[in-house]
2 protein chains.
Amino acid sequence: MRLLEERIKKDGQVYEGNVLKVNSFLNHQIDISLLKAIGEEFYRLFDNEKITKILTVETSGIPFAVAAALFFDVPVVFAKKHQTSNLNTDCYSVNIHSFTHGNDYQARVESAFISAEDNILIIDDFLASGHALKGLLNICEQAGAHVAGCGIVIEKSFQDGGRMIRDAGVRVESLAKIKSMENGEIIFE
Amino acid sequence: MRLLEERIKKDGQVYEGNVLKVNSFLNHQIDISLLKAIGEEFYRLFDNEKITKILTVETSGIPFAVAAALFFDVPVVFAKKHQTSNLNTDCYSVNIHSFTHGNDYQARVESAFISAEDNILIIDDFLASGHALKGLLNICEQAGAHVAGCGIVIEKSFQDGGRMIRDAGVRVESLAKIKSMENGEIIFE
C-alpha cells in the first residue's frame with residue numbers, strides 16, 4: 001500500500017534493535033485519513049470472504065480493527081490482555097510473549113463472542129515474531145471458528161513470523177512489508 | 001441517545017457494587033452500527049466547536065474516539081497507561097486511580113501530540129468517579145490546550161464525577177446517563 005509505505009518512510013523512526021516507532025501517525029497519535037484508507041484496503045482484500053467478525057488484541061490493533069469493521073459492517077472483538085474484573089470466567093485464553101514489553105501475558109476472549117459459525121478476519125498492527133498472531137489463531141481454533149485470513153498493517157518480513165504462519169496455510173495480507181531496517185534505512189519488499 | 005439506552009436495557013448486565021457490564025456490545029465485543037451512531041452523535045453535539053484533535057485513554061475509549069474522529073476528520077491521540085519501550089520520554093503524565101482494576105496507573109501523552117494550538121474533544125466510554133477524565137483534563141492543561149468538552153458514552157450520574165467536572169466549567173455530554181442501578185434495574189435520567 002503505497003500511501004502507507006510513503007508515510008512510514010517519512011515519519012517512521014528506526015531505533016536500535018530493529019524497533020520501528022510509528023507513534024505520530026499509527027500508534028498513540030493516529031492519522032484518521034490514513035486509518036480510513038487502511039480499513040478500506042483490508043475490505044478490498046477480504047471483501048469476498050463473507051467475514052462475520054473481526055478479531056484483534058488490545059491495544060494498538062483496535063483502531064485498525066474498528067476502521068475495517070466499519071467497511072465490513074461486522075462486530076469487532078478485541079482480546080483482553082490486562083486483568084480486569086469485568087470479564088466473565090468462561091473464556092478462551094492463550095499465553096503470548098511480548099517482545100515489545102518483555103513479558104508474557106494472557107490474551108482472553110469470552111467464549112460467547114466467537115463460535116464455530118464464525119468466519120474471522122484477524123487484524124493487527126505489527127507482525128514480526130508472530131507470537132500475538134499465533135495466539136489469536138489459537139483462540140479461533142479453540143472456538144472452532146474458521147479464519148479467513150489475517151490483515152496486518154506493518155510486517156517486518158526479515159523476522160520469521162509471517163513465513164511460519166503462511167507456511168501453516170493461513171492467508172496473511174500485510175499492507176507494508178519491511179525487508180530491512182539496517183542503519184536506519186527502511187527498505188520495503 | 002435512545003438507541004444506546006435501549007441497548008443498555010436489553011444487553012447490559014448489572015453486578016454487585018454498581019458494576020455495569022457492556023461486554024457484548026460496547027467493550028470487548030463492539031456492535032459496529034451502534035459504534036458508528038455513537039461517533040455520529042458526538043459529531044452532532046460538538047460539530048460547531050472547531051475540534052482539532054480527539055483525546056482518549058487506552059483501552060476501551062479507543063473505539064469511540066476513532067468512530068468520532070472519522071466524522072470530525074481529525075487525529076486521535078490515546079494516552080498510554082501501560083509501560084512500553086515505544087514511548088518517548090518527553091511526555092505529559094498524570095497519575096490516575098482505576099476503580100475497575102483497583103490500582104493506580106500513569107497516563108502519558110508524548111508532548112509532541114498536544115499543543116496550545118489544539119481545541120480538544122475528550123472522549124471516554126464511562127464516567128463515574130471522574131478520575132480518568134480529570135486526568136485527561138490535567139494532561140490538556142499541562143499542554144496549554146483548550147478543551148471544547150468531553151463526550152462520554154455512559155455516565156453513572158449517581159456518582160459525583162460528572163457533577164464535579166461540570167461544576168468546574170467543563171462541558172460534559174453523556175449519551176446515556178444512569179441515575180440508578182439498584183436491584184439490577186437500570187434507570188436513566
# chains A, B, ... in the order shown; residues from 1 in each chain; ligands from 1
>>> interface_residues(of="chain B", to="chain A", cutoff="9 Å", atoms="only C-alpha atoms", output="PyMOL selection string")
chain B and resi 19-25+27-33+35-36+58-60+62-63+66-67+69-70+73-80+83-87+100-101+109-110+112-113
>>> residues_around(residues="range 148-156 of chain B", least_positions_apart="2", cutoff="6 Å", atoms="only C-alpha atoms", output="PyMOL selection string")
chain B and resi 119-128+158-159+171-178
>>> write_last_selection(atoms="C-alpha atoms", output="mmCIF file, in the first residue's frame")
data_model
loop_
_atom_site.group_PDB
_atom_site.id
_atom_site.type_symbol
_atom_site.label_atom_id
_atom_site.label_comp_id
_atom_site.auth_asym_id
_atom_site.auth_seq_id
_atom_site.Cartn_x
_atom_site.Cartn_y
_atom_site.Cartn_z
ATOM 1 C CA ASN B 119 -9.021 22.541 20.710
ATOM 2 C CA ILE B 120 -9.554 19.115 22.207
ATOM 3 C CA LEU B 121 -12.579 16.860 22.446
ATOM 4 C CA ILE B 122 -12.004 14.258 25.169
ATOM 5 C CA ILE B 123 -13.888 11.005 24.674
ATOM 6 C CA ASP B 124 -14.292 8.083 27.045
ATOM 7 C CA ASP B 125 -16.607 5.126 27.479
ATOM 8 C CA PHE B 126 -17.557 5.539 31.161
ATOM 9 C CA LEU B 127 -17.787 8.435 33.587
ATOM 10 C CA ALA B 128 -18.344 7.576 37.241
ATOM 11 C CA PHE B 158 -25.393 8.640 40.794
ATOM 12 C CA GLN B 159 -21.629 9.027 41.275
ATOM 13 C CA ARG B 171 -18.878 20.889 29.062
ATOM 14 C CA VAL B 172 -19.679 17.186 29.507
ATOM 15 C CA GLU B 173 -22.110 15.434 27.156
ATOM 16 C CA SER B 174 -23.100 11.895 28.123
ATOM 17 C CA LEU B 175 -25.093 9.811 25.644
ATOM 18 C CA ALA B 176 -26.670 7.689 28.387
ATOM 19 C CA LYS B 177 -26.970 8.869 31.978
ATOM 20 C CA ILE B 178 -27.774 6.201 34.529
#
>>> select_by_dssp(residues="range 6-171 of chain A", states="helix (DSSP H, G or I)", output="MDAnalysis selection string")
chainID A and resid 6:11 32:49 62:72 111:113 131:143 161:167
>>> select_by_dssp(residues="chain B", states="strand (DSSP E)", output="VMD selection string")
chain B and resid 13 to 15 19 to 21 29 to 30 53 to 57 76 to 79 91 to 98 103 to 110 119 to 127 146 to 156 172 to 180 187 to 188
>>> write_last_selection(atoms="C-alpha atoms", output="PDB file, in the first residue's frame")
ATOM      1  CA  GLN B  13     -25.649  -6.711  32.916  1.00  0.00           C
ATOM      2  CA  VAL B  14     -25.712  -5.288  36.414  1.00  0.00           C
ATOM      3  CA  TYR B  15     -23.443  -6.853  39.021  1.00  0.00           C
ATOM      4  CA  VAL B  19     -20.870  -2.678  38.114  1.00  0.00           C
ATOM      5  CA  LEU B  20     -22.406  -2.456  34.634  1.00  0.00           C
ATOM      6  CA  LYS B  21     -21.034  -4.885  32.059  1.00  0.00           C
ATOM      7  CA  GLN B  29     -17.261  -7.132  21.544  1.00  0.00           C
ATOM      8  CA  ILE B  30     -18.430  -3.964  19.755  1.00  0.00           C
ATOM      9  CA  LYS B  53      -7.921  16.625  17.994  1.00  0.00           C
ATOM     10  CA  ILE B  54      -9.675  13.871  19.932  1.00  0.00           C
ATOM     11  CA  LEU B  55      -8.064  12.589  23.125  1.00  0.00           C
ATOM     12  CA  THR B  56      -8.913   9.370  24.953  1.00  0.00           C
ATOM     13  CA  VAL B  57      -7.126   6.862  27.178  1.00  0.00           C
ATOM     14  CA  VAL B  76      -6.966  10.705  17.595  1.00  0.00           C
ATOM     15  CA  VAL B  77      -4.464  10.615  20.451  1.00  0.00           C
ATOM     16  CA  PHE B  78      -4.810   7.943  23.075  1.00  0.00           C
ATOM     17  CA  ALA B  79      -2.999   8.332  26.381  1.00  0.00           C
ATOM     18  CA  CYS B  91       5.628  13.277  27.931  1.00  0.00           C
ATOM     19  CA  TYR B  92       2.797  14.858  29.799  1.00  0.00           C
ATOM     20  CA  SER B  93       1.822  12.417  32.517  1.00  0.00           C
ATOM     21  CA  VAL B  94      -0.674  12.130  35.318  1.00  0.00           C
ATOM     22  CA  ASN B  95      -1.469   9.592  37.988  1.00  0.00           C
ATOM     23  CA  ILE B  96      -4.978   8.093  37.768  1.00  0.00           C
ATOM     24  CA  HIS B  97      -6.762   5.755  40.150  1.00  0.00           C
ATOM     25  CA  SER B  98      -8.763   2.973  38.497  1.00  0.00           C
ATOM     26  CA  ASN B 103      -4.846   0.225  41.161  1.00  0.00           C
ATOM     27  CA  ASP B 104      -3.165   3.493  40.175  1.00  0.00           C
ATOM     28  CA  TYR B 105      -1.639   3.996  36.763  1.00  0.00           C
ATOM     29  CA  GLN B 106       0.358   6.636  34.964  1.00  0.00           C
ATOM     30  CA  ALA B 107      -1.389   8.015  31.859  1.00  0.00           C
ATOM     31  CA  ARG B 108       1.073   9.544  29.413  1.00  0.00           C
ATOM     32  CA  VAL B 109       0.898  11.502  26.187  1.00  0.00           C
ATOM     33  CA  GLU B 110       4.005  12.444  24.205  1.00  0.00           C
ATOM     34  CA  ASN B 119      -9.021  22.541  20.710  1.00  0.00           C
ATOM     35  CA  ILE B 120      -9.554  19.115  22.207  1.00  0.00           C
ATOM     36  CA  LEU B 121     -12.579  16.860  22.446  1.00  0.00           C
ATOM     37  CA  ILE B 122     -12.004  14.258  25.169  1.00  0.00           C
ATOM     38  CA  ILE B 123     -13.888  11.005  24.674  1.00  0.00           C
ATOM     39  CA  ASP B 124     -14.292   8.083  27.045  1.00  0.00           C
ATOM     40  CA  ASP B 125     -16.607   5.126  27.479  1.00  0.00           C
ATOM     41  CA  PHE B 126     -17.557   5.539  31.161  1.00  0.00           C
ATOM     42  CA  LEU B 127     -17.787   8.435  33.587  1.00  0.00           C
ATOM     43  CA  HIS B 146      -8.148  24.292  25.115  1.00  0.00           C
ATOM     44  CA  VAL B 147     -10.759  21.629  25.901  1.00  0.00           C
ATOM     45  CA  ALA B 148     -14.000  22.119  23.982  1.00  0.00           C
ATOM     46  CA  GLY B 149     -15.703  19.438  26.023  1.00  0.00           C
ATOM     47  CA  CYS B 150     -15.989  15.785  26.954  1.00  0.00           C
ATOM     48  CA  GLY B 151     -18.076  13.173  25.175  1.00  0.00           C
ATOM     49  CA  ILE B 152     -18.990  10.217  27.366  1.00  0.00           C
ATOM     50  CA  VAL B 153     -20.823   7.084  26.246  1.00  0.00           C
ATOM     51  CA  ILE B 154     -22.245   6.060  29.642  1.00  0.00           C
ATOM     52  CA  GLU B 155     -22.328   8.237  32.750  1.00  0.00           C
ATOM     53  CA  LYS B 156     -23.214   6.828  36.130  1.00  0.00           C
ATOM     54  CA  VAL B 172     -19.679  17.186  29.507  1.00  0.00           C
ATOM     55  CA  GLU B 173     -22.110  15.434  27.156  1.00  0.00           C
ATOM     56  CA  SER B 174     -23.100  11.895  28.123  1.00  0.00           C
ATOM     57  CA  LEU B 175     -25.093   9.811  25.644  1.00  0.00           C
ATOM     58  CA  ALA B 176     -26.670   7.689  28.387  1.00  0.00           C
ATOM     59  CA  LYS B 177     -26.970   8.869  31.978  1.00  0.00           C
ATOM     60  CA  ILE B 178     -27.774   6.201  34.529  1.00  0.00           C
ATOM     61  CA  LYS B 179     -29.286   7.605  37.691  1.00  0.00           C
ATOM     62  CA  SER B 180     -29.787   4.279  39.434  1.00  0.00           C
ATOM     63  CA  ILE B 187     -32.992   3.725  35.373  1.00  0.00           C
ATOM     64  CA  PHE B 188     -31.883   6.562  33.090  1.00  0.00           C
TER      65      PHE B 188
END
>>> atom_distance(atom1="CA of Ala168 in chain A", atom2="CA of Glu49 in chain A")
19.1 Å
